[in-house]
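Student: Sharing run_34.txt (compact mmCIF, C-alpha atoms) below.
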# COMPACT_ATOMS: atom_id res chain seq x y z
CA MET A 3 66.88 90.42 106.54
CA ASN A 4 68.71 92.82 108.82
CA ASN A 5 71.29 95.27 107.41
CA TYR A 6 74.01 93.60 109.49
CA SER A 7 74.75 90.67 111.78
CA LYS A 8 77.69 90.13 114.12
CA THR A 9 79.26 87.33 116.13
CA HIS A 10 82.44 86.66 118.09
CA VAL A 11 84.68 83.62 117.69
CA ALA A 12 86.71 82.83 120.81
CA ALA A 13 90.43 82.30 120.27
CA ASP A 14 90.19 78.76 121.67
CA ALA A 15 87.12 77.63 119.69
CA GLN A 16 87.83 74.38 117.82
CA ARG A 17 85.51 74.91 114.84
CA THR A 18 82.94 77.61 114.19
CA GLU A 19 80.73 77.82 111.09
CA LEU A 20 79.35 81.27 110.33
CA HIS A 21 76.88 80.81 107.45
CA ASP A 22 73.77 80.38 109.60
CA THR A 23 74.95 82.55 112.50
CA LEU A 24 75.56 85.57 110.25
CA SER A 25 72.84 84.78 107.67
CA LEU A 26 75.46 84.75 104.93
CA THR A 27 74.13 84.41 101.37
CA GLY A 28 77.32 84.52 99.30
CA ALA A 29 79.82 82.46 101.31
CA GLU A 30 80.28 79.88 104.00
CA VAL A 31 83.07 80.78 106.42
CA SER A 32 84.56 78.54 109.09
CA VAL A 33 87.21 79.28 111.71
CA ASN A 34 89.25 76.26 112.72
CA THR A 35 91.87 75.65 115.39
CA MET A 36 93.89 72.44 115.05
CA ALA A 37 96.37 71.04 117.58
CA ALA A 38 100.02 70.57 116.63
CA GLY A 39 100.54 67.36 114.70
CA THR A 40 96.91 66.85 113.71
CA GLU A 41 95.35 66.76 110.26
CA ILE A 42 91.95 66.73 108.60
CA PRO A 43 91.36 62.96 108.40
CA PHE A 44 90.44 62.84 104.68
CA PHE A 45 91.13 64.38 101.30
CA HIS A 46 88.25 66.31 99.74
CA SER A 47 87.43 68.34 96.66
CA HIS A 48 84.39 70.46 95.78
CA LYS A 49 81.65 70.34 93.19
CA GLU A 50 81.39 74.08 92.52
CA ASN A 51 83.02 76.01 95.37
CA GLU A 52 86.38 77.75 95.39
CA GLU A 53 88.03 77.72 98.83
CA ILE A 54 90.14 80.56 100.25
CA TYR A 55 92.24 79.81 103.33
CA PHE A 56 93.80 82.38 105.67
CA ILE A 57 96.33 81.25 108.29
CA VAL A 58 95.64 83.43 111.34
CA SER A 59 98.30 81.90 113.61
CA GLY A 60 100.67 78.96 113.68
CA ARG A 61 102.13 76.87 110.91
CA GLY A 62 101.15 73.84 108.84
CA TYR A 63 100.81 72.63 105.28
CA MET A 64 98.20 71.68 102.71
CA GLU A 65 98.53 68.63 100.49
CA ILE A 66 97.07 69.63 97.12
CA ASP A 67 96.98 67.08 94.29
CA GLY A 68 100.08 65.39 95.68
CA GLU A 69 102.01 68.63 96.29
CA LYS A 70 102.96 69.86 99.79
CA VAL A 71 102.27 73.60 100.21
CA GLU A 72 103.78 75.10 103.38
CA LEU A 73 101.60 77.55 105.30
CA GLU A 74 102.33 80.07 108.04
CA ALA A 75 100.55 82.96 109.76
CA GLY A 76 99.73 85.67 107.20
CA ASP A 77 99.45 83.26 104.27
CA TRP A 78 96.42 83.23 101.96
CA LEU A 79 95.69 80.26 99.72
CA ARG A 80 93.14 79.76 96.95
CA VAL A 81 92.22 76.16 96.10
CA ALA A 82 90.27 75.38 92.91
CA PRO A 83 87.07 73.32 93.34
CA GLN A 84 88.38 70.15 91.70
CA ALA A 85 91.71 70.03 93.56
CA SER A 86 92.09 67.26 96.15
CA ARG A 87 93.24 68.78 99.45
CA LYS A 88 94.08 67.89 103.06
CA LEU A 89 95.19 70.33 105.77
CA HIS A 90 97.84 69.54 108.39
CA ALA A 91 98.85 71.52 111.48
CA THR A 92 102.56 71.50 112.31
CA THR A 93 102.14 73.74 115.36
CA ASP A 94 98.82 74.69 116.95
CA MET A 95 97.20 76.50 114.03
CA THR A 96 94.13 78.69 113.57
CA SER A 97 92.83 79.17 110.03
CA VAL A 98 89.83 80.64 108.26
CA CYS A 99 88.23 78.77 105.35
CA ILE A 100 86.00 80.76 102.99
CA GLN A 101 83.82 78.82 100.50
CA VAL A 102 82.41 80.74 97.54
CA LYS A 103 80.85 79.61 94.29
CA ALA A 104 83.56 79.63 91.61
CA GLY A 105 82.89 82.26 88.97
CA SER A 106 80.14 83.98 90.97
CA LEU A 107 81.76 87.39 91.49
CA THR A 108 80.82 89.74 88.66
CA GLN A 109 82.01 93.12 89.98
CA TRP A 110 83.77 94.41 93.08
CA THR A 111 85.23 97.39 94.92
CA MET A 112 85.15 100.42 92.61
CA THR A 113 82.55 98.97 90.22
CA ASP A 114 80.25 97.58 92.90
CA ALA A 115 80.54 100.38 95.46
CA VAL A 116 78.18 103.34 95.72
CA LEU A 117 79.70 106.36 97.44
CA MET B 1 94.01 78.04 85.83
CA ASN B 2 96.23 76.42 88.42
CA ASN B 3 94.74 74.17 91.13
CA TYR B 4 95.99 76.59 93.79
CA SER B 5 97.63 79.98 94.32
CA LYS B 6 99.25 81.39 97.45
CA THR B 7 100.47 84.73 98.78
CA HIS B 8 101.67 86.22 102.05
CA VAL B 9 100.40 89.45 103.60
CA ALA B 10 102.92 91.10 105.93
CA ALA B 11 101.62 92.09 109.35
CA ASP B 12 102.48 95.75 108.68
CA ALA B 13 100.95 96.00 105.18
CA GLN B 14 98.51 98.92 104.98
CA ARG B 15 96.13 97.51 102.34
CA THR B 16 96.41 94.36 100.25
CA GLU B 17 93.85 93.26 97.65
CA LEU B 18 93.89 89.55 96.84
CA HIS B 19 91.50 89.10 93.88
CA ASP B 20 94.09 89.41 91.14
CA THR B 21 97.03 88.02 93.14
CA LEU B 22 95.19 84.77 93.94
CA SER B 23 93.08 84.65 90.73
CA LEU B 24 89.93 84.58 92.84
CA THR B 25 86.67 84.04 90.93
CA GLY B 26 84.07 84.05 93.72
CA ALA B 27 85.24 86.80 96.07
CA GLU B 28 87.37 89.88 96.48
CA VAL B 29 89.32 89.88 99.73
CA SER B 30 91.30 92.77 101.19
CA VAL B 31 93.45 92.95 104.31
CA ASN B 32 93.59 96.39 105.89
CA THR B 33 95.60 97.87 108.73
CA MET B 34 94.39 101.23 110.06
CA ALA B 35 96.17 103.42 112.60
CA ALA B 36 94.48 104.27 115.90
CA GLY B 37 92.02 107.13 115.51
CA THR B 38 91.66 106.87 111.74
CA GLU B 39 88.59 106.08 109.66
CA ILE B 40 87.63 105.28 106.10
CA PRO B 41 86.94 108.81 104.80
CA PHE B 42 83.51 108.11 103.29
CA PHE B 43 80.32 106.09 103.72
CA HIS B 44 79.65 103.50 101.04
CA SER B 45 77.14 100.83 100.12
CA HIS B 46 77.17 98.14 97.42
CA LYS B 47 75.15 97.37 94.33
CA GLU B 48 75.13 93.57 94.66
CA ASN B 49 77.88 92.47 97.05
CA GLU B 50 77.53 91.31 100.64
CA GLU B 51 80.57 92.22 102.77
CA ILE B 52 81.98 90.06 105.56
CA TYR B 53 84.47 91.67 107.95
CA PHE B 54 86.83 89.86 110.32
CA ILE B 55 88.74 91.81 112.97
CA VAL B 56 92.15 90.15 113.18
CA SER B 57 93.61 92.45 115.84
CA GLY B 58 92.81 95.69 117.61
CA ARG B 59 89.52 97.45 118.20
CA GLY B 60 87.23 99.85 116.36
CA TYR B 61 83.65 100.31 115.25
CA MET B 62 81.49 100.36 112.15
CA GLU B 63 78.81 102.96 111.55
CA ILE B 64 75.96 101.15 109.77
CA ASP B 65 72.83 103.09 108.79
CA GLY B 66 73.35 105.45 111.71
CA GLU B 67 74.08 102.72 114.26
CA LYS B 68 77.49 102.32 115.96
CA VAL B 69 78.60 98.67 116.05
CA GLU B 70 81.61 98.02 118.29
CA LEU B 71 84.27 95.66 116.93
CA GLU B 72 87.18 93.85 118.54
CA ALA B 73 89.61 91.07 117.61
CA GLY B 74 87.71 87.83 116.91
CA ASP B 75 84.56 89.59 115.73
CA TRP B 76 82.87 88.73 112.43
CA LEU B 77 80.39 91.09 110.81
CA ARG B 78 78.09 90.67 107.81
CA VAL B 79 76.89 93.88 106.12
CA ALA B 80 74.04 93.75 103.59
CA PRO B 81 74.74 95.32 100.16
CA GLN B 82 72.42 98.31 100.58
CA ALA B 83 73.58 99.31 104.08
CA SER B 84 75.60 102.52 104.37
CA ARG B 85 78.82 101.82 106.27
CA LYS B 86 82.01 103.47 107.51
CA LEU B 87 84.82 101.77 109.45
CA HIS B 88 86.74 103.43 112.30
CA ALA B 89 89.86 102.23 114.13
CA THR B 90 89.97 102.98 117.86
CA THR B 91 93.35 101.30 118.35
CA ASP B 92 95.65 100.16 115.55
CA MET B 93 93.41 97.60 113.85
CA THR B 94 93.87 94.93 111.20
CA SER B 95 90.75 93.62 109.48
CA VAL B 96 89.82 91.40 106.56
CA CYS B 97 87.01 92.43 104.19
CA ILE B 98 85.45 89.72 102.02
CA GLN B 99 83.15 90.80 99.17
CA VAL B 100 80.84 88.17 97.68
CA LYS B 101 77.80 88.45 95.43
CA ALA B 102 74.70 88.35 97.65
CA GLY B 103 72.66 85.20 97.07
CA SER B 104 75.39 83.50 95.03
CA LEU B 105 76.12 80.52 97.31
CA THR B 106 73.91 77.56 96.39
CA GLN B 107 75.49 74.68 98.37
CA TRP B 108 78.36 74.30 100.80
CA THR B 109 80.32 71.97 103.06
CA MET B 110 78.57 68.59 103.15
CA THR B 111 76.51 69.15 100.01
CA ASP B 112 79.34 70.66 97.94
CA ALA B 113 82.19 68.43 99.14
CA VAL B 114 83.35 65.26 97.41
CA LEU B 115 85.22 62.87 99.74
How does the structure come out when it is put into structure tokens?
Tutor:
Amino acid sequence: MNNYSKTHVAADAQRTELHDTLSLTGAEVSVNTMAAGTEIPFFHSHKENEEIYFIVSGRGYMEIDGEKVELEAGDWLRVAPQASRKLHATTDMTSVCIQVKAGSLTQWTMTDAVL
Amino acid sequence: MNNYSKTHVAADAQRTELHDTLSLTGAEVSVNTMAAGTEIPFFHSHKENEEIYFIVSGRGYMEIDGEKVELEAGDWLRVAPQASRKLHATTDMTSVCIQVKAGSLTQWTMTDAVL
């Protein structure tokens, strides 16, 4: 496998999945743009993956286990695998969703880096 | 552990690490804003972590194993653990760096989701 891979996601792309494009081995990443007033049409949870959401632009909210969590540009949200979740866009909203295996990270930054 | 955790990263924050703040267990995520003309002052590689970079705004480049890889807003970059890398900002640049353990993801999206 190459030492790096790169791609570009256009600002108006509706949904882009990066796992295969970038040959990721430790995460799936998707970039999603939703129109104002729309929602993901179902609740879902995960078997083993933690999800990390980043709101790039716009505003919306996540329903998590019956709670409404407001989201705006600059917000970061971790959702545990077993939590039931559904994302709503209040305005046009672009978000990043990172899926990683819960409990998989064993060391990072200063302990994993080699200078 | 809670079913979710949330934080906000201000647009003018210089460096924010999210692992502890969000109680992440499968990734370390940092958000970094660099001034035009600055660079990370050293090359580094990783023992076991894959890095995924997202350029949120601005423009710069990554030196990877002697190659210059241009970066602009909307770009996504995967860097293999063993690659030697150094990030440069050409303009003011905000980027996200996601560290995950290489090879840790075993299933995702349709196979990991429960509807």
Student: Extract, using all atoms listed in the file, all DNA, RNA and protein residues at most 6 Å from segment 84-96 of chain A, discarding same-chain residues fewer than 3 positions from it, and format them as a list in words.
Tutor: Asn34, Thr35, Met36, Ala37, Ala38, Gly39, Thr40, Glu41, Ile42, Phe45, His46, Ser47, His48, Val58, Ser59, Gly60, Arg61, Gly62, Tyr63, Met64, Glu65, Ile66 and Asp67 of chain A; Asn3 of chain B
Student: If I put a ball of radius 9 Å at (88.7, 90.5, 109.6) in the file's coordinates, which residues poke into it when counting only C-alpha atoms, written as a compact mmCIF listing (two decimals) with C-alpha atoms, keeping the file's coordinate frame?
Tutor:
# COMPACT_ATOMS: atom_id res chain seq x y z
CA VAL B 31 93.45 92.95 104.31
CA ASN B 32 93.59 96.39 105.89
CA ILE B 52 81.98 90.06 105.56
CA TYR B 53 84.47 91.67 107.95
CA PHE B 54 86.83 89.86 110.32
CA ILE B 55 88.74 91.81 112.97
CA VAL B 56 92.15 90.15 113.18
CA SER B 57 93.61 92.45 115.84
CA ALA B 73 89.61 91.07 117.61
CA GLY B 74 87.71 87.83 116.91
CA ASP B 75 84.56 89.59 115.73
CA TRP B 76 82.87 88.73 112.43
CA LEU B 77 80.39 91.09 110.81
CA THR B 94 93.87 94.93 111.20
CA SER B 95 90.75 93.62 109.48
CA VAL B 96 89.82 91.40 106.56
CA CYS B 97 87.01 92.43 104.19
CA ILE B 98 85.45 89.72 102.02
Student: Identify all chain B residues at most 6 Å from chain A by counting only C-alpha atoms; ligands do not count. Present them as a compact mmCIF listing (two decimals) with C-alpha atoms, keeping the file's coordinate frame.
Tutor:
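Contents of the output file out_27.txt:
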# COMPACT_ATOMS: atom_id res chain seq x y z
CA ASN B 3 94.74 74.17 91.13
CA TYR B 4 95.99 76.59 93.79
CA SER B 5 97.63 79.98 94.32
CA LYS B 6 99.25 81.39 97.45
CA THR B 7 100.47 84.73 98.78
CA HIS B 8 101.67 86.22 102.05
CA VAL B 9 100.40 89.45 103.60
CA THR B 25 86.67 84.04 90.93
CA GLY B 26 84.07 84.05 93.72
CA ALA B 27 85.24 86.80 96.07
CA HIS B 44 79.65 103.50 101.04
CA SER B 45 77.14 100.83 100.12
CA HIS B 46 77.17 98.14 97.42
CA LYS B 47 75.15 97.37 94.33
CA GLY B 74 87.71 87.83 116.91
CA ASP B 75 84.56 89.59 115.73
CA TRP B 76 82.87 88.73 112.43
CA LEU B 77 80.39 91.09 110.81
CA ARG B 78 78.09 90.67 107.81
CA VAL B 79 76.89 93.88 106.12
CA ALA B 80 74.04 93.75 103.59
CA ALA B 83 73.58 99.31 104.08
CA VAL B 100 80.84 88.17 97.68
CA LYS B 101 77.80 88.45 95.43
CA ALA B 102 74.70 88.35 97.65
CA GLY B 103 72.66 85.20 97.07
CA SER B 104 75.39 83.50 95.03
CA LEU B 105 76.12 80.52 97.31
CA ASP B 112 79.34 70.66 97.94
CA ALA B 113 82.19 68.43 99.14
CA VAL B 114 83.35 65.26 97.41
CA LEU B 115 85.22 62.87 99.74
Student: To one decimal place in Å, what is the distance between atom CA of Lys70 of chain A and atom CA of Thr16 of chain B?
Tutor: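 Distance between the two atoms: 25.4 Å.
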Student: Would you kindly place N, CA and C atoms on segment 65-98 of chain A and return the model as a JSON list (two decimals), in the frame of the given file?
Tutor:
[["chain", "number", "residue", "atom", "x", "y", "z"],
["A", 65, "GLU", "N", 98.25, 69.52, 101.63],
["A", 65, "GLU", "CA", 98.53, 68.63, 100.49],
["A", 65, "GLU", "C", 97.50, 68.93, 99.42],
["A", 66, "ILE", "N", 97.97, 69.30, 98.23],
["A", 66, "ILE", "CA", 97.07, 69.63, 97.12],
["A", 66, "ILE", "C", 97.50, 68.84, 95.89],
["A", 67, "ASP", "N", 96.67, 67.90, 95.47],
["A", 67, "ASP", "CA", 96.98, 67.08, 94.29],
["A", 67, "ASP", "C", 98.41, 66.53, 94.36],
["A", 68, "GLY", "N", 98.78, 66.03, 95.53],
["A", 68, "GLY", "CA", 100.08, 65.39, 95.68],
["A", 68, "GLY", "C", 101.23, 66.33, 95.99],
["A", 69, "GLU", "N", 100.96, 67.66, 95.99],
["A", 69, "GLU", "CA", 102.01, 68.63, 96.29],
["A", 69, "GLU", "C", 101.86, 69.12, 97.74],
["A", 70, "LYS", "N", 103.00, 69.37, 98.40],
["A", 70, "LYS", "CA", 102.96, 69.86, 99.79],
["A", 70, "LYS", "C", 103.18, 71.36, 99.78],
["A", 71, "VAL", "N", 102.19, 72.13, 100.23],
["A", 71, "VAL", "CA", 102.27, 73.60, 100.21],
["A", 71, "VAL", "C", 102.38, 74.08, 101.65],
["A", 72, "GLU", "N", 103.54, 74.64, 102.00],
["A", 72, "GLU", "CA", 103.78, 75.10, 103.38],
["A", 72, "GLU", "C", 102.95, 76.34, 103.67],
["A", 73, "LEU", "N", 102.46, 76.44, 104.90],
["A", 73, "LEU", "CA", 101.60, 77.55, 105.30],
["A", 73, "LEU", "C", 102.05, 78.10, 106.65],
["A", 74, "GLU", "N", 102.01, 79.44, 106.77],
["A", 74, "GLU", "CA", 102.33, 80.07, 108.04],
["A", 74, "GLU", "C", 101.42, 81.28, 108.23],
["A", 75, "ALA", "N", 101.40, 81.82, 109.44],
["A", 75, "ALA", "CA", 100.55, 82.96, 109.76],
["A", 75, "ALA", "C", 100.76, 84.08, 108.74],
["A", 76, "GLY", "N", 99.66, 84.62, 108.21],
["A", 76, "GLY", "CA", 99.73, 85.67, 107.20],
["A", 76, "GLY", "C", 99.58, 85.15, 105.78],
["A", 77, "ASP", "N", 99.61, 83.83, 105.61],
["A", 77, "ASP", "CA", 99.45, 83.26, 104.27],
["A", 77, "ASP", "C", 97.97, 83.18, 103.88],
["A", 78, "TRP", "N", 97.74, 83.39, 102.58],
["A", 78, "TRP", "CA", 96.42, 83.23, 101.96],
["A", 78, "TRP", "C", 96.56, 82.25, 100.82],
["A", 79, "LEU", "N", 95.62, 81.35, 100.71],
["A", 79, "LEU", "CA", 95.69, 80.26, 99.72],
["A", 79, "LEU", "C", 94.34, 80.10, 99.04],
["A", 80, "ARG", "N", 94.34, 80.11, 97.72],
["A", 80, "ARG", "CA", 93.14, 79.76, 96.95],
["A", 80, "ARG", "C", 93.28, 78.34, 96.45],
["A", 81, "VAL", "N", 92.22, 77.53, 96.62],
["A", 81, "VAL", "CA", 92.22, 76.16, 96.10],
["A", 81, "VAL", "C", 91.04, 76.01, 95.15],
["A", 82, "ALA", "N", 91.32, 75.56, 93.93],
["A", 82, "ALA", "CA", 90.27, 75.38, 92.91],
["A", 82, "ALA", "C", 89.33, 74.26, 93.34],
["A", 83, "PRO", "N", 88.06, 74.32, 92.90],
["A", 83, "PRO", "CA", 87.07, 73.32, 93.34],
["A", 83, "PRO", "C", 87.55, 71.88, 93.18],
["A", 84, "GLN", "N", 88.09, 71.56, 92.02],
["A", 84, "GLN", "CA", 88.38, 70.15, 91.70],
["A", 84, "GLN", "C", 89.65, 69.62, 92.35],
["A", 85, "ALA", "N", 90.45, 70.48, 92.96],
["A", 85, "ALA", "CA", 91.71, 70.03, 93.56],
["A", 85, "ALA", "C", 91.44, 69.19, 94.81],
["A", 86, "SER", "N", 92.20, 68.11, 94.97],
["A", 86, "SER", "CA", 92.09, 67.26, 96.15],
["A", 86, "SER", "C", 93.01, 67.81, 97.23],
["A", 87, "ARG", "N", 92.49, 68.04, 98.42],
["A", 87, "ARG", "CA", 93.24, 68.78, 99.45],
["A", 87, "ARG", "C", 93.10, 68.15, 100.83],
["A", 88, "LYS", "N", 94.13, 68.31, 101.64],
["A", 88, "LYS", "CA", 94.08, 67.89, 103.06],
["A", 88, "LYS", "C", 95.00, 68.81, 103.85],
["A", 89, "LEU", "N", 94.47, 69.36, 104.95],
["A", 89, "LEU", "CA", 95.19, 70.33, 105.77],
["A", 89, "LEU", "C", 95.84, 69.66, 106.98],
["A", 90, "HIS", "N", 97.07, 70.05, 107.26],
["A", 90, "HIS", "CA", 97.84, 69.54, 108.39],
["A", 90, "HIS", "C", 98.31, 70.71, 109.24],
["A", 91, "ALA", "N", 98.30, 70.52, 110.56],
["A", 91, "ALA", "CA", 98.85, 71.52, 111.48],
["A", 91, "ALA", "C", 100.20, 71.04, 112.00],
["A", 92, "THR", "N", 101.23, 71.84, 111.80],
["A", 92, "THR", "CA", 102.56, 71.50, 112.31],
["A", 92, "THR", "C", 102.68, 71.96, 113.75],
["A", 93, "THR", "N", 102.31, 73.22, 114.00],
["A", 93, "THR", "CA", 102.14, 73.74, 115.36],
["A", 93, "THR", "C", 100.64, 73.85, 115.60],
["A", 94, "ASP", "N", 100.22, 74.28, 116.79],
["A", 94, "ASP", "CA", 98.82, 74.69, 116.95],
["A", 94, "ASP", "C", 98.56, 75.73, 115.88],
["A", 95, "MET", "N", 97.43, 75.63, 115.19],
["A", 95, "MET", "CA", 97.20, 76.50, 114.03],
["A", 95, "MET", "C", 95.73, 76.90, 113.95],
["A", 96, "THR", "N", 95.49, 78.20, 113.80],
["A", 96, "THR", "CA", 94.13, 78.69, 113.57],
["A", 96, "THR", "C", 94.03, 79.20, 112.14],
["A", 97, "SER", "N", 93.01, 78.75, 111.42],
["A", 97, "SER", "CA", 92.83, 79.17, 110.03],
["A", 97, "SER", "C", 91.37, 79.49, 109.77],
["A", 98, "VAL", "N", 91.17, 80.30, 108.75],
["A", 98, "VAL", "CA", 89.83, 80.64, 108.26],
["A", 98, "VAL", "C", 89.68, 79.97, 106.91]]
